[in-house]
Every structure is written in structure tokens, then in C-alpha cells.
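Asker: Please find upload.cif (mmCIF, C-alpha atoms) on the next line:
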data_input
loop_
_atom_site.group_PDB
_atom_site.id
_atom_site.type_symbol
_atom_site.label_atom_id
_atom_site.label_comp_id
_atom_site.auth_asym_id
_atom_site.auth_seq_id
_atom_site.Cartn_x
_atom_site.Cartn_y
_atom_site.Cartn_z
ATOM 1 C CA MET A 9 7.558 -94.242 22.216
ATOM 2 C CA THR A 10 8.482 -92.100 25.241
ATOM 3 C CA VAL A 11 8.001 -88.333 25.352
ATOM 4 C CA GLU A 12 11.779 -87.859 25.637
ATOM 5 C CA THR A 13 12.434 -89.944 22.527
ATOM 6 C CA LEU A 14 9.785 -88.069 20.559
ATOM 7 C CA ALA A 15 11.234 -84.704 21.646
ATOM 8 C CA LEU A 16 14.714 -85.721 20.487
ATOM 9 C CA LEU A 17 13.281 -86.911 17.182
ATOM 10 C CA VAL A 18 11.505 -83.591 16.687
ATOM 11 C CA LEU A 19 14.701 -81.612 17.323
ATOM 12 C CA GLY A 20 16.704 -83.930 15.097
ATOM 13 C CA VAL A 21 14.404 -83.755 12.082
ATOM 14 C CA LEU A 22 14.037 -79.980 12.457
ATOM 15 C CA ALA A 23 17.822 -79.523 12.240
ATOM 16 C CA ILE A 24 18.072 -81.928 9.303
ATOM 17 C CA ALA A 25 15.249 -80.226 7.416
ATOM 18 C CA LEU A 26 16.969 -76.850 7.869
ATOM 19 C CA LEU A 27 20.333 -78.135 6.608
ATOM 20 C CA TYR A 28 19.047 -80.205 3.699
ATOM 21 C CA SER A 29 16.510 -77.673 2.413
ATOM 22 C CA SER A 30 19.259 -75.035 2.161
ATOM 23 C CA VAL A 31 20.665 -77.032 -0.794
ATOM 24 C CA GLY A 32 17.278 -77.908 -2.318
ATOM 25 C CA HIS A 33 17.043 -81.317 -0.647
ATOM 26 C CA ALA A 34 14.366 -82.656 1.666
ATOM 27 C CA GLY A 35 16.309 -84.691 4.244
ATOM 28 C CA ALA A 36 15.097 -88.282 3.904
ATOM 29 C CA SER A 37 18.519 -89.845 4.470
ATOM 30 C CA GLY A 38 18.963 -87.741 7.614
ATOM 31 C CA TYR A 39 15.489 -88.603 8.920
ATOM 32 C CA ILE A 40 16.232 -92.278 8.334
ATOM 33 C CA ALA A 41 19.468 -92.010 10.308
ATOM 34 C CA VAL A 42 17.793 -90.254 13.263
ATOM 35 C CA MET A 43 14.892 -92.690 13.384
ATOM 36 C CA SER A 44 17.284 -95.628 13.136
ATOM 37 C CA LEU A 45 19.170 -94.316 16.175
ATOM 38 C CA ALA A 46 15.829 -94.169 18.014
ATOM 39 C CA ASN A 47 15.304 -97.880 17.252
ATOM 40 C CA ILE A 48 12.151 -97.311 15.229
ATOM 41 C CA ALA A 49 11.093 -100.307 13.155
ATOM 42 C CA PRO A 50 12.363 -100.215 9.541
ATOM 43 C CA ALA A 51 8.809 -100.714 8.245
ATOM 44 C CA GLU A 52 7.821 -97.420 9.905
ATOM 45 C CA ILE A 53 10.968 -95.494 9.004
ATOM 46 C CA LYS A 54 10.631 -95.578 5.210
ATOM 47 C CA PRO A 55 7.067 -94.187 4.880
ATOM 48 C CA THR A 56 7.683 -91.588 7.604
ATOM 49 C CA ALA A 57 10.872 -90.337 5.922
ATOM 50 C CA LEU A 58 9.115 -90.104 2.563
ATOM 51 C CA ALA A 59 6.145 -88.235 4.050
ATOM 52 C CA LEU A 60 8.471 -85.704 5.688
ATOM 53 C CA ASN A 61 10.356 -85.463 2.399
ATOM 54 C CA ILE A 62 7.175 -84.461 0.591
ATOM 55 C CA LEU A 63 6.546 -81.597 3.008
ATOM 56 C CA VAL A 64 10.072 -80.178 2.881
ATOM 57 C CA ALA A 65 10.453 -80.671 -0.884
ATOM 58 C CA SER A 66 7.186 -78.789 -1.432
ATOM 59 C CA ILE A 67 8.464 -75.827 0.568
ATOM 60 C CA ALA A 68 11.915 -75.892 -1.064
ATOM 61 C CA SER A 69 10.397 -76.137 -4.555
ATOM 62 C CA TRP A 70 8.328 -73.019 -3.884
ATOM 63 C CA GLN A 71 11.227 -71.039 -2.434
ATOM 64 C CA PHE A 72 13.709 -71.875 -5.196
ATOM 65 C CA TRP A 73 11.066 -71.244 -7.886
ATOM 66 C CA ARG A 74 10.259 -67.841 -6.395
ATOM 67 C CA ALA A 75 13.982 -67.013 -6.439
ATOM 68 C CA ALA A 76 14.106 -67.890 -10.185
ATOM 69 C CA HIS A 77 16.394 -70.913 -9.767
ATOM 70 C CA PHE A 78 14.120 -73.463 -11.462
ATOM 71 C CA SER A 79 14.649 -74.627 -15.080
ATOM 72 C CA TRP A 80 11.765 -76.524 -16.687
ATOM 73 C CA SER A 81 13.827 -77.611 -19.710
ATOM 74 C CA LEU A 82 16.411 -79.222 -17.433
ATOM 75 C CA PHE A 83 13.843 -80.659 -15.018
ATOM 76 C CA TRP A 84 11.273 -82.474 -17.140
ATOM 77 C CA PRO A 85 13.308 -85.331 -18.718
ATOM 78 C CA PHE A 86 14.838 -86.311 -15.367
ATOM 79 C CA ALA A 87 11.430 -86.206 -13.675
ATOM 80 C CA LEU A 88 9.511 -87.986 -16.450
ATOM 81 C CA ALA A 89 11.704 -91.079 -16.308
ATOM 82 C CA SER A 90 12.246 -91.107 -12.554
ATOM 83 C CA VAL A 91 8.649 -91.187 -11.263
ATOM 84 C CA PRO A 92 7.600 -94.685 -12.419
ATOM 85 C CA MET A 93 10.955 -96.106 -11.335
ATOM 86 C CA ALA A 94 10.636 -94.464 -7.913
ATOM 87 C CA PHE A 95 7.207 -96.094 -7.512
ATOM 88 C CA ALA A 96 8.726 -99.473 -8.377
ATOM 89 C CA GLY A 97 11.611 -98.919 -5.973
ATOM 90 C CA GLY A 98 9.228 -97.884 -3.202
ATOM 91 C CA TYR A 99 7.136 -101.016 -3.720
ATOM 92 C CA LEU A 100 10.164 -103.294 -3.460
ATOM 93 C CA ASN A 101 11.901 -104.128 -0.194
ATOM 94 C CA LEU A 102 15.179 -105.759 -1.172
ATOM 95 C CA PRO A 103 17.986 -106.991 1.084
ATOM 96 C CA ALA A 104 20.728 -105.054 -0.654
ATOM 97 C CA GLN A 105 23.499 -104.308 1.861
ATOM 98 C CA TRP A 106 26.235 -104.412 -0.788
ATOM 99 C CA PHE A 107 24.253 -101.968 -2.893
ATOM 100 C CA LYS A 108 23.947 -99.545 0.034
ATOM 101 C CA LEU A 109 27.683 -99.788 0.714
ATOM 102 C CA LEU A 110 28.526 -98.943 -2.887
ATOM 103 C CA VAL A 111 26.163 -95.975 -3.042
ATOM 104 C CA GLY A 112 27.313 -94.793 0.391
ATOM 105 C CA PHE A 113 30.980 -94.710 -0.629
ATOM 106 C CA ILE A 114 30.103 -92.873 -3.854
ATOM 107 C CA LEU A 115 28.289 -90.197 -1.835
ATOM 108 C CA LEU A 116 31.201 -89.853 0.577
ATOM 109 C CA TRP A 117 33.612 -89.506 -2.355
ATOM 110 C CA SER A 118 31.391 -86.786 -3.852
ATOM 111 C CA ALA A 119 31.295 -85.003 -0.488
ATOM 112 C CA LEU A 120 35.100 -85.095 -0.236
ATOM 113 C CA GLN A 121 35.460 -83.604 -3.715
ATOM 114 C CA LEU A 122 33.062 -80.790 -2.859
ATOM 115 C CA PHE A 123 34.992 -80.044 0.332
ATOM 116 C CA LEU A 124 38.451 -80.136 -1.254
ATOM 117 C CA ARG A 125 37.842 -79.126 -4.868
ATOM 118 C CA PRO A 126 34.420 -77.526 -5.323
ATOM 119 C CA PRO A 127 33.752 -77.069 -9.073
ATOM 120 C CA GLN A 128 33.967 -73.513 -10.313
ATOM 121 C CA GLU A 129 30.788 -71.837 -11.547
ATOM 122 C CA ARG A 130 30.917 -71.915 -15.364
ATOM 123 C CA GLU A 131 28.449 -71.681 -18.201
ATOM 124 C CA PRO A 132 26.450 -74.920 -17.928
ATOM 125 C CA LYS A 133 25.799 -77.334 -20.782
ATOM 126 C CA PRO A 134 22.585 -79.337 -20.163
ATOM 127 C CA PRO A 135 22.631 -83.016 -21.170
ATOM 128 C CA ALA A 136 20.917 -84.411 -24.253
ATOM 129 C CA THR A 137 17.359 -85.555 -23.605
ATOM 130 C CA PRO A 138 18.096 -89.328 -23.905
ATOM 131 C CA VAL A 139 20.930 -88.973 -21.378
ATOM 132 C CA ALA A 140 18.696 -87.081 -18.960
ATOM 133 C CA LEU A 141 15.917 -89.663 -19.345
ATOM 134 C CA GLY A 142 18.268 -92.575 -18.653
ATOM 135 C CA THR A 143 19.852 -90.801 -15.702
ATOM 136 C CA GLY A 144 16.441 -89.898 -14.291
ATOM 137 C CA ALA A 145 15.257 -93.509 -14.501
ATOM 138 C CA GLY A 146 18.309 -94.768 -12.640
ATOM 139 C CA ILE A 147 18.045 -92.123 -9.935
ATOM 140 C CA GLY A 148 14.310 -92.786 -9.567
ATOM 141 C CA LEU A 149 14.929 -96.476 -8.885
ATOM 142 C CA LEU A 150 17.697 -95.629 -6.397
ATOM 143 C CA SER A 151 15.465 -93.152 -4.600
ATOM 144 C CA GLY A 152 12.638 -95.658 -4.226
ATOM 145 C CA LEU A 153 14.915 -98.457 -3.029
ATOM 146 C CA THR A 154 16.739 -96.292 -0.486
ATOM 147 C CA GLY A 155 13.680 -94.359 0.761
ATOM 148 C CA THR A 156 15.066 -90.988 -0.348
ATOM 149 C CA GLY A 157 13.873 -88.466 -2.908
ATOM 150 C CA GLY A 158 16.878 -88.829 -5.202
ATOM 151 C CA GLY A 159 18.323 -85.365 -4.709
ATOM 152 C CA ILE A 160 21.447 -86.742 -3.051
ATOM 153 C CA PHE A 161 22.190 -88.383 -6.411
ATOM 154 C CA LEU A 162 20.885 -85.740 -8.825
ATOM 155 C CA THR A 163 22.399 -82.543 -7.385
ATOM 156 C CA PRO A 164 26.073 -83.640 -7.360
ATOM 157 C CA LEU A 165 25.663 -85.046 -10.876
ATOM 158 C CA LEU A 166 24.296 -81.732 -12.156
ATOM 159 C CA ILE A 167 27.168 -79.846 -10.526
ATOM 160 C CA PHE A 168 30.100 -82.165 -11.288
ATOM 161 C CA LEU A 169 29.078 -82.739 -14.931
ATOM 162 C CA ARG A 170 28.431 -78.994 -15.293
ATOM 163 C CA TRP A 171 24.859 -79.571 -16.416
ATOM 164 C CA ALA A 172 23.676 -76.708 -14.182
ATOM 165 C CA ARG A 173 24.895 -73.971 -11.885
ATOM 166 C CA THR A 174 24.743 -74.678 -8.158
ATOM 167 C CA THR A 175 21.550 -72.735 -7.434
ATOM 168 C CA THR A 176 19.833 -74.146 -10.523
ATOM 169 C CA ALA A 177 20.824 -77.666 -9.467
ATOM 170 C CA SER A 178 19.139 -77.028 -6.116
ATOM 171 C CA GLY A 179 16.095 -75.507 -7.792
ATOM 172 C CA VAL A 180 15.680 -78.540 -10.073
ATOM 173 C CA SER A 181 16.402 -81.094 -7.358
ATOM 174 C CA ALA A 182 13.668 -79.875 -5.000
ATOM 175 C CA PRO A 183 10.663 -80.613 -7.295
ATOM 176 C CA PHE A 184 12.443 -83.753 -8.545
ATOM 177 C CA ILE A 185 12.585 -84.955 -4.930
ATOM 178 C CA LEU A 186 8.954 -83.995 -4.435
ATOM 179 C CA LEU A 187 7.698 -86.098 -7.351
ATOM 180 C CA ASN A 188 9.910 -89.072 -6.506
ATOM 181 C CA SER A 189 8.902 -88.985 -2.840
ATOM 182 C CA ILE A 190 5.203 -88.968 -3.756
ATOM 183 C CA ALA A 191 5.735 -91.879 -6.129
ATOM 184 C CA ALA A 192 7.868 -93.858 -3.663
ATOM 185 C CA LEU A 193 5.441 -93.260 -0.774
ATOM 186 C CA SER A 194 2.535 -94.344 -2.966
ATOM 187 C CA GLY A 195 4.373 -97.546 -3.814
ATOM 188 C CA ASN A 196 5.275 -98.160 -0.180
ATOM 189 C CA ILE A 197 1.736 -97.591 1.100
ATOM 190 C CA ALA A 198 0.373 -99.815 -1.658
ATOM 191 C CA ALA A 199 2.622 -102.581 -0.361
ATOM 192 C CA THR A 200 2.392 -102.006 3.414
ATOM 193 C CA LYS A 201 -0.854 -100.021 4.000
ATOM 194 C CA ASN A 202 1.009 -98.229 6.805
ATOM 195 C CA LEU A 203 1.799 -94.614 7.742
ATOM 196 C CA PRO A 204 2.848 -94.239 11.425
ATOM 197 C CA ALA A 205 0.900 -91.851 13.658
ATOM 198 C CA PHE A 206 4.050 -90.386 15.264
ATOM 199 C CA ALA A 207 4.831 -88.715 11.927
ATOM 200 C CA LEU A 208 2.506 -85.770 12.756
ATOM 201 C CA PRO A 209 4.725 -83.931 15.301
ATOM 202 C CA LEU A 210 7.732 -84.604 13.087
ATOM 203 C CA ALA A 211 5.838 -83.017 10.191
ATOM 204 C CA VAL A 212 5.418 -79.779 12.136
ATOM 205 C CA ALA A 213 9.148 -79.722 12.897
ATOM 206 C CA VAL A 214 10.240 -80.204 9.273
ATOM 207 C CA ILE A 215 7.856 -77.502 8.059
ATOM 208 C CA VAL A 216 9.621 -75.028 10.354
ATOM 209 C CA GLY A 217 13.120 -76.217 9.483
ATOM 210 C CA GLY A 218 12.392 -76.529 5.770
ATOM 211 C CA SER A 219 10.954 -73.011 5.559
ATOM 212 C CA ILE A 220 14.017 -71.443 7.169
ATOM 213 C CA GLY A 221 16.606 -73.517 5.320
ATOM 214 C CA SER A 222 15.110 -73.169 1.838
ATOM 215 C CA TYR A 223 14.753 -69.413 2.261
ATOM 216 C CA LEU A 224 18.420 -69.089 3.203
ATOM 217 C CA GLY A 225 19.605 -71.401 0.418
ATOM 218 C CA SER A 226 17.551 -69.774 -2.330
ATOM 219 C CA ARG A 227 18.172 -66.125 -1.407
ATOM 220 C CA ARG A 228 20.966 -65.594 1.100
ATOM 221 C CA LEU A 229 23.783 -68.141 0.706
ATOM 222 C CA ALA A 230 26.611 -67.881 -1.855
ATOM 223 C CA PRO A 231 27.195 -70.833 -4.255
ATOM 224 C CA GLY A 232 30.439 -71.759 -2.477
ATOM 225 C CA VAL A 233 28.631 -72.024 0.844
ATOM 226 C CA VAL A 234 25.871 -74.098 -0.750
ATOM 227 C CA LYS A 235 28.459 -76.530 -2.167
ATOM 228 C CA ARG A 236 29.976 -77.084 1.259
ATOM 229 C CA LEU A 237 26.564 -77.528 2.817
ATOM 230 C CA LEU A 238 25.838 -80.037 0.068
ATOM 231 C CA ALA A 239 29.057 -81.841 1.010
ATOM 232 C CA ALA A 240 27.806 -82.090 4.597
ATOM 233 C CA VAL A 241 24.468 -83.451 3.378
ATOM 234 C CA LEU A 242 26.180 -86.053 1.187
ATOM 235 C CA SER A 243 28.409 -87.083 4.090
ATOM 236 C CA ILE A 244 25.378 -87.722 6.308
ATOM 237 C CA ALA A 245 23.615 -89.632 3.548
ATOM 238 C CA GLY A 246 26.668 -91.714 2.676
ATOM 239 C CA ALA A 247 27.402 -92.590 6.309
ATOM 240 C CA LYS A 248 23.785 -93.570 6.842
ATOM 241 C CA LEU A 249 23.830 -95.964 3.891
ATOM 242 C CA ILE A 250 27.139 -97.538 4.932
ATOM 243 C CA PHE A 251 26.446 -98.009 8.614
ATOM 244 C CA SER A 252 22.700 -98.711 8.648
#
Represent the structure from my file as C-alpha cells, please.
Answerer:
Amino acid sequence: MTVETLALLVLGVLAIALLYSSVGHAGASGYIAVMSLANIAPAEIKPTALALNILVASIASWQFWRAAHFSWSLFWPFALASVPMAFAGGYLNLPAQWFKLLVGFILLWSALQLFLRPPQEREPKPPATPVALGTGAGIGLLSGLTGTGGGIFLTPLLIFLRWARTTTASGVSAPFILLNSIAALSGNIAATKNLPAFALPLAVAVIVGGSIGSYLGSRRLAPGVVKRLLAAVLSIAGAKLIFS
């Protein structure tokens, strides 16, 4: 890899980490898109994106928890069911282009709804535990298969189904992404025994971007702004899945 390519990657992942962490996400879909444009081998992209995800999700989890936006009662059933499924998804490498197209269009539809008709903030009604467990399992498998932490699926669900307020959805998504990314990376390394060396400078960049973005999202940005930022994140993720 040339110095110029590495420099562009560093700038790209820094910007993505800043944007994604502002809505409680960690940026895996964005990192995947940037690394794909740099013609990095797919076998190196997935573990690198997950490793960067772990760093940013750790920072975002801390920031949103400190700002009192985390809900344990909402978090635990989603997380409990998602972790083993994320490990399984990370272990598998399936040729699933039709699956990516479907998920990509769903994300783009969600982004359009958030842009045009962002849901109003109302008193949330958390889902029943069996529903949360089933949803968490499905999102965990999706996150492992796609090399993401699952937040791009969980956050819009929490908002659209009125299971949580916007800031709470971000506060729950960040540690959810963290656990799923750890599980998915563990599954991937168990299968490939590979973590690329070029991930180190990218890690420094996402720490900087993630610290700034998560601080702004947890303490400075209004819910309406966060919803539109989330729409931008979903658009990037959906486009990546469709065109990759």
C-alpha cells in the first residue's frame, strides 16, 4: 500500500468515525466502503472494519452512558441474543449478493423516511422481552454476515417502532455494536487467523473521530439533527451494500 493511499484511508475513516459516532454507531459500513474503493482485499476489509468498530463503539458507549442515555432494561435482551449469532455470522463467509441488495434497499428506505418524515419524540414503549430477544438474534446474524456491528439495523428499529427516544436509541446501540463487533471479529479471526497490520494508523484516526463525534451526539446535538445524521449514515450503509 502506498503512503498516499494510506493517508486517504486515514482521512476517510476519521470522517466516518466522527459522523457515525454522533448517532451512537461505530462506522463499519463506511470503513468497508472506503477500503473497498482503495482496492483492499475483502479478506482484510472485514476484520479491519470490525476492529475499528470496537474502538469507536467503546468510546461512544462511554460518552452516551456518561450523558445518561443508556437503558440497561432495553439493552440486555437485544444484546443477549445477538452475540452468539454475530459470532456465527462472523465465522461464515457466504456469497449473498441478493441478501445485500435487500438489506441495502431497506436501509435506503429508512434513510428516506428519516429525511422526509422523522418520527416525533413521544413516550416510548419498550418491546416485550421475547420480541427483543428474537429481534436481537436476527440483527446479530446480520451484523456478523455483513461485517458491521448491527447498529444500522437496531437504531432505526428502536426509533420507528417507538421503542426508545432518539438519544436512548443511540445510547443502547453503541454498546450493542461493541459486543457484536467483538463477537464477529472473534469468529472471523477464528476462521481466518488474520488481522492486517495497516489497521494501526486507521485505529488512531477513528479514536480521534469517534471521540469528537460521540461527544457532540451525546451532549450537543438536538434529536432532530441526530435523526438526519442517522439518515446520512443509513444512506452510506445502504449504498455500500447495494453497490459493493
Asker: What's the separation between atom CA of A:Ala57 and atom CA of A:Ser69, in Å to one decimal place?
Answerer: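 The value is 17.7 Å.
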Asker: Tell me which of A:Val91, A:Leu63, A:Ala172, A:Ala177 sits closest to A:Gly146, counting all atoms listed in the file.
Answerer: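 That would be A:Val91, the residue with the smallest distance to A:Gly146.
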Asker: For the file shown, what are the residues hit by the PyMOL selection byres ((chain A and resi 226-232) around 8), laid out as a list in words?
Answerer: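 Answer for the PyMOL selection byres ((chain A and resi 226-232) around 8): Ser30, Gln71, Phe72, Ala75, His77, Pro126, Thr174, Thr175, Ser222, Tyr223, Leu224, Gly225, Val233, Val234, Lys235 and Arg236 of chain A.
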Asker: Report as a ChimeraX atom specification the residues that result from applying the PyMOL selection byres ((chain A and resi 242) around 7) to the structure here.
Answerer: /A:115-116,119,160,238-241,243-246
Asker: Just to confirm, what's the straight-line distance from atom CA of A:Val64 to atom CA of A:Ala94 in Å (one decimal)?
Answerer: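 Taking atom CA of A:Val64 as the start and atom CA of A:Ala94 as the end point, the length is 17.9 Å.
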Asker: Report, as JSON, the centre and edge lengths in Å (one decimal) of the axis-aligned box enclosing every listed atom of stretch 52-64 of chain A, padded by 3 Å on each side.
Answerer:
{"center_x": 8.6, "center_y": -88.8, "center_z": 5.2, "size_x": 10.8, "size_y": 23.2, "size_z": 15.3}
Asker: What's the separation between atom CA of A:Ser90 and atom CA of A:Thr143, in Å to one decimal place?
Answerer: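 That distance, rounded to one decimal, is 8.2 Å.
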Asker: What's the 8 Å shell around stretch 82-87 of chain A, counting only C-alpha atoms, without same-chain residues fewer than 6 positions away, as a PyMOL selection string?
Answerer: chain A and resi 134+137+140-145+180+184+187-188
Asker: Residues near stretch 12-15 of chain A, anyone? I mean within 9 Å using all atoms listed in the file, not counting same-chain ones fewer than 5 positions away, as a PyMOL selection string.
Answerer: chain A and resi 20+46+206+209-210
Asker: Can you list, as a ChimeraX atom specification, every protein, DNA or RNA residue that comes within 9 Å of A:Glu52 when you count only C-alpha atoms, leaving out same-chain residues fewer than 4 positions away?
Answerer: /A:48,56-57,202-204
Asker: On this structure, which residues satisfy the PyMOL selection byres ((chain A and resi 39) around 8), written as a ChimeraX atom specification?
Answerer: /A:20-21,24,35-38,40-43,57
Asker: Compile the contact shell of stretch 165-171 of chain A as a list in words: residues with an atom at most 8 Å away, counting all atoms listed in the file, same-chain residues fewer than 5 positions apart removed.
Answerer: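 Neighbouring residues, sequence-local ones excluded: Pro127, Arg130, Glu131, Pro132, Lys133, Pro134, Pro135 and Ala177 of chain A.
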Asker: Keeping C-alpha atoms, export the residues of the selection given above as a compact mmCIF listing (two decimals), in the frame of the given file.
Answerer:
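Here's the written file again_2.txt:
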# COMPACT_ATOMS: atom_id res chain seq x y z
CA PRO A 127 33.75 -77.07 -9.07
CA ARG A 130 30.92 -71.92 -15.36
CA GLU A 131 28.45 -71.68 -18.20
CA PRO A 132 26.45 -74.92 -17.93
CA LYS A 133 25.80 -77.33 -20.78
CA PRO A 134 22.58 -79.34 -20.16
CA PRO A 135 22.63 -83.02 -21.17
CA ALA A 177 20.82 -77.67 -9.47
Asker: What lies within 6 Å of A:Gly97 using all atoms listed in the file, ignoring chain neighbours under 4 positions off, as a ChimeraX atom specification?
Answerer: /A:149,152-153
Asker: Quick one: write out the picked residues with C-alpha atoms as a PDB file, in the coordinates of the input?
Answerer:
ATOM      1  CA  LEU A 149      14.929 -96.476  -8.885  1.00  0.00           C
ATOM      2  CA  GLY A 152      12.638 -95.658  -4.226  1.00  0.00           C
ATOM      3  CA  LEU A 153      14.915 -98.457  -3.029  1.00  0.00           C
TER       4      LEU A 153
END
Asker: Using all atoms listed in the file for the distances, tell me which of A:Leu27, A:Met9, A:Phe161, A:Ala34 is nearest to A:Gly112.
Answerer: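 Nearest to A:Gly112: A:Phe161.
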Asker: For a quick check of understanding, using only C-alpha atoms, which of A:Leu26, A:Val11, A:Lys248, A:Leu17 has the smallest distance to A:Ile215?
Answerer: A:Leu26
Asker: Compare A:Leu100, A:Val216, A:Ala76, A:Leu58 by their minimum atom-to-atom distance to A:Gly158, counting only C-alpha atoms, and give me the closest one.
Answerer: A:Leu58
Asker: How would stretch 120-145 of chain A look with N, CA and C atoms restored, written as a PDB file, keeping the file's coordinate frame?
Answerer:
ATOM      1  N   LEU A 120      33.687 -85.452  -0.381  1.00  0.00           N
ATOM      2  CA  LEU A 120      35.100 -85.095  -0.236  1.00  0.00           C
ATOM      3  C   LEU A 120      35.541 -84.167  -1.362  1.00  0.00           C
ATOM      4  N   GLN A 121      35.099 -84.451  -2.583  1.00  0.00           N
ATOM      5  CA  GLN A 121      35.460 -83.604  -3.715  1.00  0.00           C
ATOM      6  C   GLN A 121      34.889 -82.199  -3.558  1.00  0.00           C
ATOM      7  N   LEU A 122      33.672 -82.105  -3.047  1.00  0.00           N
ATOM      8  CA  LEU A 122      33.062 -80.790  -2.859  1.00  0.00           C
ATOM      9  C   LEU A 122      33.765 -80.006  -1.758  1.00  0.00           C
ATOM     10  N   PHE A 123      34.242 -80.709  -0.731  1.00  0.00           N
ATOM     11  CA  PHE A 123      34.992 -80.044   0.332  1.00  0.00           C
ATOM     12  C   PHE A 123      36.352 -79.557  -0.160  1.00  0.00           C
ATOM     13  N   LEU A 124      37.067 -80.430  -0.878  1.00  0.00           N
ATOM     14  CA  LEU A 124      38.451 -80.136  -1.254  1.00  0.00           C
ATOM     15  C   LEU A 124      38.563 -79.369  -2.564  1.00  0.00           C
ATOM     16  N   ARG A 125      37.743 -79.744  -3.538  1.00  0.00           N
ATOM     17  CA  ARG A 125      37.842 -79.126  -4.868  1.00  0.00           C
ATOM     18  C   ARG A 125      36.461 -78.811  -5.415  1.00  0.00           C
ATOM     19  N   PRO A 126      35.754 -77.861  -4.814  1.00  0.00           N
ATOM     20  CA  PRO A 126      34.420 -77.526  -5.323  1.00  0.00           C
ATOM     21  C   PRO A 126      34.500 -76.995  -6.745  1.00  0.00           C
ATOM     22  N   PRO A 127      33.696 -77.522  -7.679  1.00  0.00           N
ATOM     23  CA  PRO A 127      33.752 -77.069  -9.073  1.00  0.00           C
ATOM     24  C   PRO A 127      33.469 -75.573  -9.195  1.00  0.00           C
ATOM     25  N   GLN A 128      34.193 -74.928 -10.075  1.00  0.00           N
ATOM     26  CA  GLN A 128      33.967 -73.513 -10.313  1.00  0.00           C
ATOM     27  C   GLN A 128      32.662 -73.303 -11.092  1.00  0.00           C
ATOM     28  N   GLU A 129      32.013 -72.170 -10.829  1.00  0.00           N
ATOM     29  CA  GLU A 129      30.788 -71.837 -11.547  1.00  0.00           C
ATOM     30  C   GLU A 129      31.143 -71.430 -12.979  1.00  0.00           C
ATOM     31  N   ARG A 130      30.696 -72.222 -13.957  1.00  0.00           N
ATOM     32  CA  ARG A 130      30.917 -71.915 -15.364  1.00  0.00           C
ATOM     33  C   ARG A 130      29.608 -72.010 -16.115  1.00  0.00           C
ATOM     34  N   GLU A 131      29.654 -71.598 -17.379  1.00  0.00           N
ATOM     35  CA  GLU A 131      28.449 -71.681 -18.201  1.00  0.00           C
ATOM     36  C   GLU A 131      28.043 -73.146 -18.341  1.00  0.00           C
ATOM     37  N   PRO A 132      26.850 -73.506 -17.906  1.00  0.00           N
ATOM     38  CA  PRO A 132      26.450 -74.920 -17.928  1.00  0.00           C
ATOM     39  C   PRO A 132      26.090 -75.396 -19.332  1.00  0.00           C
ATOM     40  N   LYS A 133      26.200 -76.708 -19.529  1.00  0.00           N
ATOM     41  CA  LYS A 133      25.799 -77.334 -20.782  1.00  0.00           C
ATOM     42  C   LYS A 133      24.866 -78.493 -20.443  1.00  0.00           C
ATOM     43  N   PRO A 134      23.544 -78.293 -20.543  1.00  0.00           N
ATOM     44  CA  PRO A 134      22.585 -79.337 -20.163  1.00  0.00           C
ATOM     45  C   PRO A 134      22.775 -80.599 -21.000  1.00  0.00           C
ATOM     46  N   PRO A 135      22.450 -81.758 -20.443  1.00  0.00           N
ATOM     47  CA  PRO A 135      22.631 -83.016 -21.170  1.00  0.00           C
ATOM     48  C   PRO A 135      21.594 -83.188 -22.274  1.00  0.00           C
ATOM     49  N   ALA A 136      21.903 -84.058 -23.235  1.00  0.00           N
ATOM     50  CA  ALA A 136      20.917 -84.411 -24.253  1.00  0.00           C
ATOM     51  C   ALA A 136      19.740 -85.111 -23.583  1.00  0.00           C
ATOM     52  N   THR A 137      18.576 -85.000 -24.202  1.00  0.00           N
ATOM     53  CA  THR A 137      17.359 -85.555 -23.605  1.00  0.00           C
ATOM     54  C   THR A 137      17.464 -87.054 -23.317  1.00  0.00           C
ATOM     55  N   PRO A 138      17.979 -87.897 -24.236  1.00  0.00           N
ATOM     56  CA  PRO A 138      18.096 -89.328 -23.905  1.00  0.00           C
ATOM     57  C   PRO A 138      18.978 -89.594 -22.683  1.00  0.00           C
ATOM     58  N   VAL A 139      20.048 -88.814 -22.541  1.00  0.00           N
ATOM     59  CA  VAL A 139      20.930 -88.973 -21.378  1.00  0.00           C
ATOM     60  C   VAL A 139      20.189 -88.610 -20.103  1.00  0.00           C
ATOM     61  N   ALA A 140      19.447 -87.507 -20.134  1.00  0.00           N
ATOM     62  CA  ALA A 140      18.696 -87.081 -18.960  1.00  0.00           C
ATOM     63  C   ALA A 140      17.611 -88.096 -18.595  1.00  0.00           C
ATOM     64  N   LEU A 141      16.951 -88.659 -19.604  1.00  0.00           N
ATOM     65  CA  LEU A 141      15.917 -89.663 -19.345  1.00  0.00           C
ATOM     66  C   LEU A 141      16.510 -90.909 -18.690  1.00  0.00           C
ATOM     67  N   GLY A 142      17.626 -91.392 -19.228  1.00  0.00           N
ATOM     68  CA  GLY A 142      18.268 -92.575 -18.653  1.00  0.00           C
ATOM     69  C   GLY A 142      18.770 -92.323 -17.243  1.00  0.00           C
ATOM     70  N   THR A 143      19.359 -91.148 -17.028  1.00  0.00           N
ATOM     71  CA  THR A 143      19.852 -90.801 -15.702  1.00  0.00           C
ATOM     72  C   THR A 143      18.700 -90.676 -14.717  1.00  0.00           C
ATOM     73  N   GLY A 144      17.607 -90.052 -15.157  1.00  0.00           N
ATOM     74  CA  GLY A 144      16.441 -89.898 -14.291  1.00  0.00           C
ATOM     75  C   GLY A 144      15.845 -91.231 -13.886  1.00  0.00           C
ATOM     76  N   ALA A 145      15.792 -92.183 -14.815  1.00  0.00           N
ATOM     77  CA  ALA A 145      15.257 -93.509 -14.501  1.00  0.00           C
ATOM     78  C   ALA A 145      16.103 -94.206 -13.447  1.00  0.00           C
TER      79      ALA A 145
END
